[in-house]
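See structure below.
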Amino acid sequence: MKRRVKKLQIEKTDELECMDVDLKDVNYIDLWQRTKHSNSTLAYHTTDGSYQDLELLVEAAEAYKDQGFILIGRTALVQESRIERIESIENNGSLIIFKDGTHAYVMKQI
């Protein structure tokens with residue numbers, strides 16, 4: 001099973017580098033924190049390096065943009081090809097309706 005992860009960011013200024021890691025190549029998984037005051041996240045350690053889970057929607061948007069996902073506002077990452085229609089809710093965001101009938105509410109007016 002492959003997992004989309006980012007290279008372990010030791011410093012906040014480290015560049016976001018996303019890649020797929022196959023779980024069969026992982027030596028171990030532990031909790032990692034950049035600082036003692038930051039949130040912990042899963043870290044995947046392989047022979048080729050250490051990686052961490054994506055933590056923010058903006059990171060996931062960057063990691064999955066080549067797979068058709070788009071970030072809508074700051075609240076949802078959606079698969080663009082699965083959208084049937086978008087309904088604007090007057091002064092209160094939008095409702096994204098997917099081809100399978102499910103829906104997601106986003107704060108952004110579209």
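Each chain of the structure tokens is named A, B, ... in the order shown, its residues numbered from 1; ligands are numbered from 1 in display order.
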
Margin query: If you run DSSP on the backbone here, which positions in chain A get alpha helix (DSSP H)? Please write them as a PyMOL selection string.
Written below: chain A and resi 57-64

Next item on the list: Would you list the contacts of stretch 77-82 of chain A as an MDAnalysis selection string, taking every protein, DNA or RNA residue within 7 Å and counting only C-alpha atoms, but skipping same-chain residues closer than 5 positions in sequence?
Entry: chainID A and resid 57 61 68:72 98:99

Check: stretch 30-41 of chain A: which residues within 10 Å, counting only C-alpha atoms, same-chain residues fewer than 3 positions away excluded, as a PyMOL selection string?
Finding: chain A and resi 8-12+44-45+51-55

Checklist line | Sel. of strand (DSSP E or B) residues, chain A, as a ChimeraX atom specification | finding: /A:2-7,18-22,26-32,41-46,49-52,69-72,76-79,83-88,94-98,103-106

Next item on the list: Please provide as a list in words all residues within 12 Å of A:Asn27, with the sequence filter that same-chain residues fewer than 3 positions apart are discarded (counting only C-alpha atoms).
Entry: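 The filter keeps Val21, Asp22, Leu23, Lys24, Asp30, Ala43, Tyr44, His45, Thr46, Thr47, Asp48, Gly49, Ser50 and Tyr51 of chain A.
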
Next item on the list: May I ask for the distance between atom CA of A:Gln109 and atom CA of A:Asn92, given in Å to one decimal place?
Entry: 6.9 Å

Checklist line | 12 Å contact set for A:Gly101, only C-alpha atoms, chain neighbours under 6 positions out, as a PyMOL selection string | finding: chain A and resi 82-85+95

Output for the residues just chosen: N, CA, C and O atoms as an mmCIF file, in the first residue's frame:
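Result file follows (again.cif):
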```cif
data_model
loop_
_atom_site.group_PDB
_atom_site.id
_atom_site.type_symbol
_atom_site.label_atom_id
_atom_site.label_comp_id
_atom_site.auth_asym_id
_atom_site.auth_seq_id
_atom_site.Cartn_x
_atom_site.Cartn_y
_atom_site.Cartn_z
ATOM 1 N N ARG A 82 -15.263 14.680 -10.168
ATOM 2 C CA ARG A 82 -16.403 14.045 -9.519
ATOM 3 C C ARG A 82 -17.521 15.035 -9.168
ATOM 4 O O ARG A 82 -18.578 14.655 -8.711
ATOM 5 N N ILE A 83 -17.284 16.324 -9.463
ATOM 6 C CA ILE A 83 -18.291 17.348 -9.170
ATOM 7 C C ILE A 83 -19.374 17.326 -10.247
ATOM 8 O O ILE A 83 -19.080 17.377 -11.436
ATOM 9 N N GLU A 84 -20.624 17.262 -9.804
ATOM 10 C CA GLU A 84 -21.744 17.368 -10.742
ATOM 11 C C GLU A 84 -22.149 18.823 -10.904
ATOM 12 O O GLU A 84 -22.345 19.310 -12.004
ATOM 13 N N ARG A 85 -22.297 19.512 -9.761
ATOM 14 C CA ARG A 85 -22.651 20.930 -9.817
ATOM 15 C C ARG A 85 -22.310 21.592 -8.489
ATOM 16 O O ARG A 85 -22.113 20.932 -7.477
ATOM 17 N N LEU A 95 -22.499 24.815 -1.830
ATOM 18 C CA LEU A 95 -22.717 23.390 -1.666
ATOM 19 C C LEU A 95 -22.194 22.707 -2.914
ATOM 20 O O LEU A 95 -22.628 23.022 -4.022
#
```

Next item on the list: For each of A:Leu16, A:Ile29, A:Ile97, A:Ile110, take the minimum atom-to-atom distance to A:Glu59, counting only C-alpha atoms, then give the residue where this is smallest.
Entry: A:Leu16

Notebook entry, point to check: Pick from A:Val106, A:Glu17, A:Arg4, A:Val26: nearest to A:Arg74, with only C-alpha atoms counted?
Noted result: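 Among the listed residues, the smallest separation from A:Arg74 belongs to A:Val106.
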
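The spacing separating atom CA of A:Val5 from atom CA of A:Gly73 amounts to 22.4 Å.
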
Next item on the list: Using atom CA of A:Ile86 and atom CA of A:Met107 as the two end points, give the distance in Å to one decimal.
Entry: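 Atom-to-atom, atom CA of A:Ile86 to atom CA of A:Met107, that is 12.5 Å.
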
Notebook entry, point to check: Which one is closest to A:Lys65: A:Thr13, A:Lys2, A:Cys18, A:Glu90? Count only C-alpha atoms.
Noted result: A:Cys18
